[in-house]
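Below: input.cif (mmCIF, C-alpha atoms)
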data_input
loop_
_atom_site.label_atom_id
_atom_site.label_comp_id
_atom_site.auth_asym_id
_atom_site.auth_seq_id
_atom_site.Cartn_x
_atom_site.Cartn_y
_atom_site.Cartn_z
CA MET A 26 0.00 0.00 0.00
CA LEU A 27 1.63 3.24 -1.21
CA LEU A 28 0.49 6.83 -0.98
CA VAL A 29 1.72 10.04 -2.59
CA TYR A 30 2.09 12.98 -0.19
CA PRO A 31 4.62 15.77 0.34
CA ILE A 32 7.09 15.41 3.19
CA TYR A 33 5.47 18.15 5.29
CA ALA A 34 2.14 16.21 5.40
CA ARG A 35 3.45 13.45 7.63
CA HIS A 36 0.36 13.44 9.84
CA LEU A 37 -1.78 12.62 6.78
CA LEU A 38 0.52 9.71 5.93
CA GLU A 39 0.19 8.16 9.36
CA LYS A 40 -3.61 8.27 9.15
CA LYS A 41 -3.86 6.74 5.68
CA LEU A 42 -1.29 3.98 6.20
CA CYS A 43 -2.81 2.49 9.38
CA ILE A 44 -6.15 1.16 10.58
CA GLY A 45 -7.86 0.72 13.94
CA TYR A 46 -7.32 -2.64 15.63
CA PHE A 47 -9.88 -4.60 17.63
CA SER A 48 -8.40 -7.48 19.62
CA PRO A 49 -10.31 -10.79 19.23
CA ALA A 50 -8.73 -11.97 22.52
CA GLY A 51 -7.68 -15.31 21.02
CA ARG A 52 -11.22 -16.28 19.98
CA ASN A 53 -12.22 -17.79 16.64
CA PHE A 54 -15.35 -17.23 14.53
CA SER A 55 -17.51 -19.21 16.97
CA GLY A 56 -16.36 -17.29 20.04
CA ARG A 57 -14.26 -20.08 21.53
CA ILE A 58 -10.81 -19.36 22.91
CA CYS A 59 -8.24 -21.00 20.63
CA VAL A 60 -5.17 -18.98 21.70
CA HIS A 61 -4.83 -18.55 25.43
CA HIS A 62 -3.36 -15.62 27.41
CA LYS A 63 -4.62 -12.93 25.04
CA GLY A 64 -7.03 -10.08 25.65
CA GLY A 65 -7.35 -6.46 26.69
CA GLY A 66 -4.51 -4.06 26.01
CA SER A 67 -4.23 -0.38 25.25
CA LYS A 68 -5.76 1.20 22.17
CA SER A 69 -3.49 0.97 19.13
CA ARG A 70 -3.51 1.20 15.35
CA PHE A 71 -2.19 -1.42 12.94
CA LYS A 72 0.40 -0.18 10.42
CA PHE A 73 0.42 -1.45 6.83
CA LEU A 74 3.97 -2.40 5.79
CA ASP A 75 5.52 -2.66 2.36
CA PHE A 76 6.70 -6.27 2.06
CA PHE A 77 7.57 -6.07 -1.66
CA ARG A 78 10.00 -3.12 -1.98
CA ARG A 79 10.20 -3.23 -5.80
CA ILE A 80 9.99 0.53 -6.40
CA ASN A 81 13.46 1.03 -8.00
CA ASN A 82 14.03 4.34 -6.25
CA TYR A 83 15.79 5.98 -3.31
CA GLY A 84 14.00 7.28 -0.25
CA TRP A 85 14.56 9.05 3.07
CA VAL A 86 13.65 7.62 6.47
CA ILE A 87 11.73 10.45 8.16
CA LYS A 88 10.40 8.62 11.24
CA ILE A 89 11.41 5.63 13.38
CA PHE A 90 9.01 4.11 15.89
CA LYS A 91 7.95 0.87 17.62
CA THR A 92 4.53 -0.82 17.71
CA ARG A 93 3.24 -3.62 19.93
CA PHE A 94 2.49 -5.83 16.92
CA ARG A 95 6.13 -6.22 15.84
CA SER A 96 9.36 -6.72 17.76
CA ALA A 97 11.47 -4.75 15.26
CA PHE A 98 11.54 -1.01 14.66
CA LEU A 99 9.46 0.42 11.81
CA GLY A 100 10.34 3.37 9.62
CA LEU A 101 8.32 5.80 7.54
CA ILE A 102 10.10 6.23 4.21
CA ILE A 103 9.36 8.77 1.47
CA TYR A 104 10.81 8.05 -1.96
CA LYS A 105 12.07 10.57 -4.50
CA ASN A 106 9.02 10.06 -6.73
CA GLY A 107 6.63 10.96 -3.86
CA LEU A 108 5.59 7.44 -2.87
CA SER A 109 5.75 6.60 0.82
CA ASN A 110 5.16 3.65 3.14
CA TYR A 111 6.15 1.94 6.37
CA ILE A 112 9.04 -0.54 6.17
CA LEU A 113 10.90 -2.91 8.49
CA LEU A 114 14.22 -1.35 9.43
CA THR A 115 17.55 -3.14 9.63
CA HIS A 116 20.04 -2.65 12.44
CA ASN A 117 22.00 0.65 12.58
CA ILE A 118 19.58 2.59 10.36
CA PHE A 119 19.08 6.11 11.69
CA LEU A 120 16.79 9.05 11.00
CA GLY A 121 17.38 10.68 7.61
CA GLU A 122 19.02 7.57 6.11
CA TYR A 123 19.04 7.37 2.30
CA LEU A 124 17.88 3.85 1.29
CA TYR A 125 17.30 2.13 -2.04
CA SER A 126 14.54 -0.39 -2.81
CA GLY A 127 14.20 -2.14 -6.14
CA THR A 128 15.06 -5.01 -8.44
CA LEU A 129 17.89 -3.32 -10.34
CA LEU A 130 21.04 -1.84 -8.79
CA PRO A 131 21.68 1.69 -10.13
CA LYS A 132 24.98 2.52 -11.79
CA ASN A 133 27.82 3.87 -9.64
CA SER A 134 26.04 2.82 -6.43
CA SER A 135 27.32 0.52 -3.70
CA ILE A 136 25.50 -2.10 -1.64
CA THR A 137 25.20 -0.69 1.88
CA ASN A 138 23.38 -1.65 5.06
CA GLY A 139 19.57 -1.53 4.68
CA ILE A 140 19.49 -1.66 0.88
CA THR A 141 16.82 -3.96 -0.61
CA LEU A 142 17.71 -5.94 -3.74
CA PRO A 143 17.39 -9.47 -5.19
CA ILE A 144 19.70 -12.02 -3.55
CA THR A 145 21.86 -12.24 -6.69
CA TYR A 146 23.35 -8.81 -5.93
CA MET A 147 24.40 -9.78 -2.39
CA ASN A 148 27.94 -11.01 -1.80
CA LEU A 149 28.73 -14.51 -0.61
CA PHE A 150 28.71 -14.98 3.19
CA SER A 151 26.84 -11.71 3.74
CA VAL A 152 24.01 -11.54 6.31
CA VAL A 153 20.57 -10.73 4.90
CA CYS A 154 17.06 -10.43 6.29
CA GLY A 155 13.51 -9.92 5.03
CA LEU A 156 13.51 -12.87 2.62
CA GLU A 157 10.93 -13.87 0.03
CA LEU A 158 10.15 -17.58 -0.32
CA LYS A 159 9.16 -17.05 -3.95
CA PRO A 160 9.59 -14.03 -6.23
CA PHE A 161 6.78 -11.46 -5.94
CA CYS A 162 5.19 -13.17 -2.91
CA GLY A 163 6.38 -10.61 -0.34
CA ILE A 164 8.69 -10.89 2.64
CA LYS A 165 7.94 -14.05 4.64
CA LEU A 166 11.15 -14.95 6.51
CA MET A 167 13.45 -13.10 8.91
CA ARG A 168 11.02 -10.39 9.99
CA SER A 169 11.40 -10.41 13.81
CA ALA A 170 13.98 -8.52 15.86
CA GLY A 171 17.61 -9.60 15.41
CA MET A 172 16.90 -12.17 12.68
CA GLY A 173 19.30 -12.75 9.81
CA ALA A 174 20.46 -15.48 7.41
CA VAL A 175 23.90 -16.11 5.90
CA ILE A 176 24.35 -16.70 2.17
CA SER A 177 26.37 -19.93 2.08
CA THR A 178 26.47 -20.96 -1.60
CA LYS A 179 25.49 -19.56 -4.98
CA ASN A 180 24.42 -21.77 -7.87
CA LEU A 181 23.13 -21.01 -11.36
CA ASN A 182 19.56 -20.05 -10.44
CA TYR A 183 19.34 -20.90 -6.74
CA ILE A 184 21.06 -19.58 -3.64
CA SER A 185 21.52 -21.48 -0.38
CA LEU A 186 21.09 -19.67 2.94
CA LYS A 187 21.80 -20.88 6.46
CA LEU A 188 19.08 -19.81 8.92
CA ASN A 189 19.44 -19.21 12.65
CA SER A 190 17.94 -22.66 13.28
CA GLY A 191 20.74 -24.31 11.28
CA ILE A 192 18.49 -25.23 8.35
CA ASN A 193 19.85 -24.72 4.83
CA LEU A 194 17.23 -23.07 2.63
CA PHE A 195 17.35 -22.94 -1.18
CA LEU A 196 15.71 -19.86 -2.74
CA SER A 197 15.48 -18.40 -6.21
CA ASP A 198 18.03 -15.72 -7.02
CA LEU A 199 15.16 -13.34 -7.90
CA CYS A 200 13.82 -13.26 -4.32
CA MET A 201 14.15 -9.92 -2.56
CA CYS A 202 16.14 -9.38 0.64
CA SER A 203 17.70 -6.60 2.71
CA LEU A 204 21.35 -6.42 3.72
CA GLY A 205 21.96 -6.71 7.47
CA ILE A 206 19.92 -8.02 10.40
CA ILE A 207 16.51 -6.82 11.55
CA SER A 208 16.62 -3.89 13.98
CA ASN A 209 16.17 -4.06 17.78
CA PRO A 210 18.37 -7.17 18.33
CA PHE A 211 18.17 -6.79 22.15
CA HIS A 212 14.39 -7.12 22.21
CA LYS A 213 14.58 -10.47 24.05
CA LEU A 214 16.59 -8.86 26.88
CA TYR A 215 14.05 -6.12 27.61
CA ASN A 216 12.79 -5.96 31.21
CA TYR A 217 9.06 -5.22 31.32
CA LYS A 218 9.35 -4.15 35.00
CA LYS A 219 5.74 -4.80 36.03
CA ALA A 220 2.71 -6.91 35.15
CA GLY A 221 0.72 -3.88 33.97
CA TYR A 222 3.11 -3.39 31.07
CA LYS A 223 2.29 -6.87 29.76
CA ARG A 224 -1.45 -6.24 30.24
CA ALA A 225 -1.12 -3.06 28.15
CA LEU A 226 0.38 -5.17 25.36
CA GLY A 227 -2.66 -7.47 25.37
CA ILE A 228 -1.04 -10.38 27.25
CA LYS A 229 -3.09 -11.99 30.05
CA PRO A 230 -1.59 -13.86 33.03
CA THR A 231 -0.66 -17.54 32.79
CA VAL A 232 -2.12 -19.74 35.55
CA ARG A 233 -0.13 -22.80 36.63
CA GLY A 234 -1.75 -26.16 36.01
CA VAL A 235 -0.95 -27.26 39.59
CA ALA A 236 -3.17 -24.47 40.91
CA MET A 237 -6.21 -25.65 38.90
CA ASN A 238 -8.91 -28.22 39.56
CA PRO A 239 -8.69 -31.77 38.13
CA HIS A 240 -11.28 -31.10 35.42
CA ASP A 241 -9.34 -28.01 34.24
CA HIS A 242 -5.85 -29.49 33.89
CA PRO A 243 -4.09 -32.87 34.21
CA HIS A 244 -1.87 -31.38 36.95
CA GLY A 245 -4.82 -30.09 38.97
CA GLY A 246 -6.25 -31.36 42.24
CA GLY A 247 -4.66 -32.50 45.48
CA GLU A 248 -4.55 -31.13 48.98
CA GLY A 249 -2.42 -28.03 49.35
CA ARG A 250 0.81 -27.68 47.42
CA LYS A 251 1.58 -30.45 44.99
CA SER A 252 4.31 -30.84 42.42
CA PRO A 253 3.38 -31.75 38.82
CA PRO A 254 3.50 -35.41 37.75
CA VAL A 255 6.64 -37.02 36.39
CA ALA A 256 5.51 -36.54 32.79
CA ALA A 257 4.37 -32.92 32.45
CA ARG A 258 1.35 -32.53 30.21
CA SER A 259 -0.62 -29.80 28.48
CA PRO A 260 -4.26 -29.01 29.37
CA TRP A 261 -5.27 -31.50 26.65
CA GLY A 262 -3.05 -34.32 27.89
CA TRP A 263 -0.14 -34.00 25.48
CA LEU A 264 3.44 -34.49 26.63
CA THR A 265 5.06 -31.06 26.81
CA LYS A 266 8.69 -31.85 27.61
CA GLY A 267 10.86 -33.89 25.28
CA LYS A 268 8.19 -35.01 22.83
CA PRO A 269 9.13 -34.39 19.16
CA THR A 270 6.80 -31.95 17.44
CA ILE A 271 7.79 -32.72 13.82
CA LYS A 272 6.77 -35.96 12.12
CA ASN A 273 9.64 -37.57 10.26
CA THR A 274 7.64 -38.81 7.30
CA ARG A 275 10.73 -39.80 5.37
CA LEU A 276 11.82 -42.13 8.17
CA GLY A 277 8.36 -43.70 8.33
CA PHE A 278 8.41 -44.24 4.57
CA HIS A 279 11.81 -45.93 4.90
CA LYS A 280 10.50 -48.35 7.56
CA LYS A 281 7.46 -49.26 5.45
CA LYS A 282 9.69 -49.86 2.47
CA ILE A 283 11.92 -52.24 4.47
CA GLN A 284 8.91 -54.23 5.74
CA LYS A 285 7.50 -54.46 2.22
CA PHE A 286 10.65 -55.96 0.72
CA ARG A 287 11.08 -58.41 3.59
#
Would you write out, as structure tokens, the structure that this file holds?
Amino acid sequence: MLLVYPIYARHLLEKKLCIGYFSPAGRNFSGRICVHHKGGGSKSRFKFLDFFRRINNYGWVIKIFKTRFRSAFLGLIIYKNGLSNYILLTHNIFLGEYLYSGTLLPKNSSITNGITLPITYMNLFSVVCGLELKPFCGIKLMRSAGMGAVISTKNLNYISLKLNSGINLFLSDLCMCSLGIISNPFHKLYNYKKAGYKRALGIKPTVRGVAMNPHDHPHGGGEGRKSPPVAARSPWGWLTKGKPTIKNTRLGFHKKKIQKFR
């Protein structure tokens, strides 16, 4: 979503590029709670971000701010042709920075921190963020604070990246990315100081299962204080510690194949 406004009309930009937000408090279409520990919070507006960045132009960052919906810092950028939008900022981007976004690198220009280009233009072993899974699908990966991926290999049409989880991901060389890591890398170290701060963010308290009744949680019941059972479980009876959460379908296929040929 892009709008054309002069730089001095920044208050108009902020109104047109955001919308009022009503918290569903973790409830689905039928009114049942599907995501726990959500609800309340202070009044806020949701900002529309540009996840494509294929404008082929330079722009100035005229505002940097933080919202409760995203862990990274956001920036209001106004391009030379008058277009403007909110973007995800990379680390060490300051007010008044001159950034480029597009699919073609201009002549006599260098690749600097925060520039957005296809992965083909990025050097080997450089750290990138804001990745597209497919060309023209928008940024899907590396969008939270401090995230970044390393370009490990370059092939003819595909590029391999190593993610923070250790997974090697193969993407098309036409996918967009930004040089650097996402801003606010110390977000996980922030001290919220009091419970009211979390309530203002829309996060409700978490009640221990031991403090519940037997029909509310597998850990509930008992006289007075009681430690949880040996195998800790979720409210629905699933094992919560040490149980694998990903099904290895390839391994299962291998076992079936061995039994078949026996």
Name the closest residue to A:Asp75 among the candidates A:Ile112, A:Ala50, A:Ile44, A:Met172; distances are taken between atoms, counting only C-alpha atoms.
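Result for the nearest residue to A:Asp75: A:Ile112.
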Taking the file as shown, what set of residues would the PyMOL selection byres ((chain A and resi 95) around 12) give back, as a ChimeraX atom specification?
/A:71-74,90-94,96-99,112-114,168-171,207-209,212,226
For A:Ser203, find every residue with an atom within 12 Å (counting all atoms listed in the file), except residues of its own chain fewer than 2 positions away, and show them as a ChimeraX atom specification.
/A:76-79,112-116,124-128,136-147,151-157,164,166-168,172-175,200-201,205-208
Take the residues from that selection and write them out as a PDB file, keeping the file's coordinate frame, keeping C-alpha atoms.
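Below you can see out-v1.pdb, which holds the result:
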ATOM      1  CA  PHE A  76       6.700  -6.270   2.060  1.00  0.00           C
ATOM      2  CA  PHE A  77       7.570  -6.070  -1.660  1.00  0.00           C
ATOM      3  CA  ARG A  78      10.000  -3.120  -1.980  1.00  0.00           C
ATOM      4  CA  ARG A  79      10.200  -3.230  -5.800  1.00  0.00           C
ATOM      5  CA  ILE A 112       9.040  -0.540   6.170  1.00  0.00           C
ATOM      6  CA  LEU A 113      10.900  -2.910   8.490  1.00  0.00           C
ATOM      7  CA  LEU A 114      14.220  -1.350   9.430  1.00  0.00           C
ATOM      8  CA  THR A 115      17.550  -3.140   9.630  1.00  0.00           C
ATOM      9  CA  HIS A 116      20.040  -2.650  12.440  1.00  0.00           C
ATOM     10  CA  LEU A 124      17.880   3.850   1.290  1.00  0.00           C
ATOM     11  CA  TYR A 125      17.300   2.130  -2.040  1.00  0.00           C
ATOM     12  CA  SER A 126      14.540  -0.390  -2.810  1.00  0.00           C
ATOM     13  CA  GLY A 127      14.200  -2.140  -6.140  1.00  0.00           C
ATOM     14  CA  THR A 128      15.060  -5.010  -8.440  1.00  0.00           C
ATOM     15  CA  ILE A 136      25.500  -2.100  -1.640  1.00  0.00           C
ATOM     16  CA  THR A 137      25.200  -0.690   1.880  1.00  0.00           C
ATOM     17  CA  ASN A 138      23.380  -1.650   5.060  1.00  0.00           C
ATOM     18  CA  GLY A 139      19.570  -1.530   4.680  1.00  0.00           C
ATOM     19  CA  ILE A 140      19.490  -1.660   0.880  1.00  0.00           C
ATOM     20  CA  THR A 141      16.820  -3.960  -0.610  1.00  0.00           C
ATOM     21  CA  LEU A 142      17.710  -5.940  -3.740  1.00  0.00           C
ATOM     22  CA  PRO A 143      17.390  -9.470  -5.190  1.00  0.00           C
ATOM     23  CA  ILE A 144      19.700 -12.020  -3.550  1.00  0.00           C
ATOM     24  CA  THR A 145      21.860 -12.240  -6.690  1.00  0.00           C
ATOM     25  CA  TYR A 146      23.350  -8.810  -5.930  1.00  0.00           C
ATOM     26  CA  MET A 147      24.400  -9.780  -2.390  1.00  0.00           C
ATOM     27  CA  SER A 151      26.840 -11.710   3.740  1.00  0.00           C
ATOM     28  CA  VAL A 152      24.010 -11.540   6.310  1.00  0.00           C
ATOM     29  CA  VAL A 153      20.570 -10.730   4.900  1.00  0.00           C
ATOM     30  CA  CYS A 154      17.060 -10.430   6.290  1.00  0.00           C
ATOM     31  CA  GLY A 155      13.510  -9.920   5.030  1.00  0.00           C
ATOM     32  CA  LEU A 156      13.510 -12.870   2.620  1.00  0.00           C
ATOM     33  CA  GLU A 157      10.930 -13.870   0.030  1.00  0.00           C
ATOM     34  CA  ILE A 164       8.690 -10.890   2.640  1.00  0.00           C
ATOM     35  CA  LEU A 166      11.150 -14.950   6.510  1.00  0.00           C
ATOM     36  CA  MET A 167      13.450 -13.100   8.910  1.00  0.00           C
ATOM     37  CA  ARG A 168      11.020 -10.390   9.990  1.00  0.00           C
ATOM     38  CA  MET A 172      16.900 -12.170  12.680  1.00  0.00           C
ATOM     39  CA  GLY A 173      19.300 -12.750   9.810  1.00  0.00           C
ATOM     40  CA  ALA A 174      20.460 -15.480   7.410  1.00  0.00           C
ATOM     41  CA  VAL A 175      23.900 -16.110   5.900  1.00  0.00           C
ATOM     42  CA  CYS A 200      13.820 -13.260  -4.320  1.00  0.00           C
ATOM     43  CA  MET A 201      14.150  -9.920  -2.560  1.00  0.00           C
ATOM     44  CA  GLY A 205      21.960  -6.710   7.470  1.00  0.00           C
ATOM     45  CA  ILE A 206      19.920  -8.020  10.400  1.00  0.00           C
ATOM     46  CA  ILE A 207      16.510  -6.820  11.550  1.00  0.00           C
ATOM     47  CA  SER A 208      16.620  -3.890  13.980  1.00  0.00           C
TER      48      SER A 208
END
What separation in Å, quoted to one decimal, exists between atom CA of A:Leu204 and atom CA of A:Ile176?
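Result for atom CA of A:Leu204 versus atom CA of A:Ile176: 10.8 Å, one decimal.
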Identify all residues satisfying the PyMOL selection byres ((chain A and resi 64-70) around 10) in the given file; provide them as a ChimeraX atom specification.
/A:39-40,42-52,60-63,71-73,92-94,221-230
Please compute the atom CA of A:Lys41-atom CA of A:Trp85 distance, one decimal, in Å.
18.7 Å
Work out how far apart atom CA of A:Thr178 and atom CA of A:Leu196 are and give it in Å to one decimal.
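A separation of 10.9 Å between them.
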Which residues would end up in the selection if the PyMOL selection byres ((chain A and resi 235) around 12) were applied here, given that I need the answer as a PyMOL selection string?
chain A and resi 231-234+236-254+257-260
With distances taken over all atoms listed in the file, which residue among A:Trp261, A:Ser177, A:Tyr215, A:Phe54 lies nearest A:Asn193?
A:Ser177
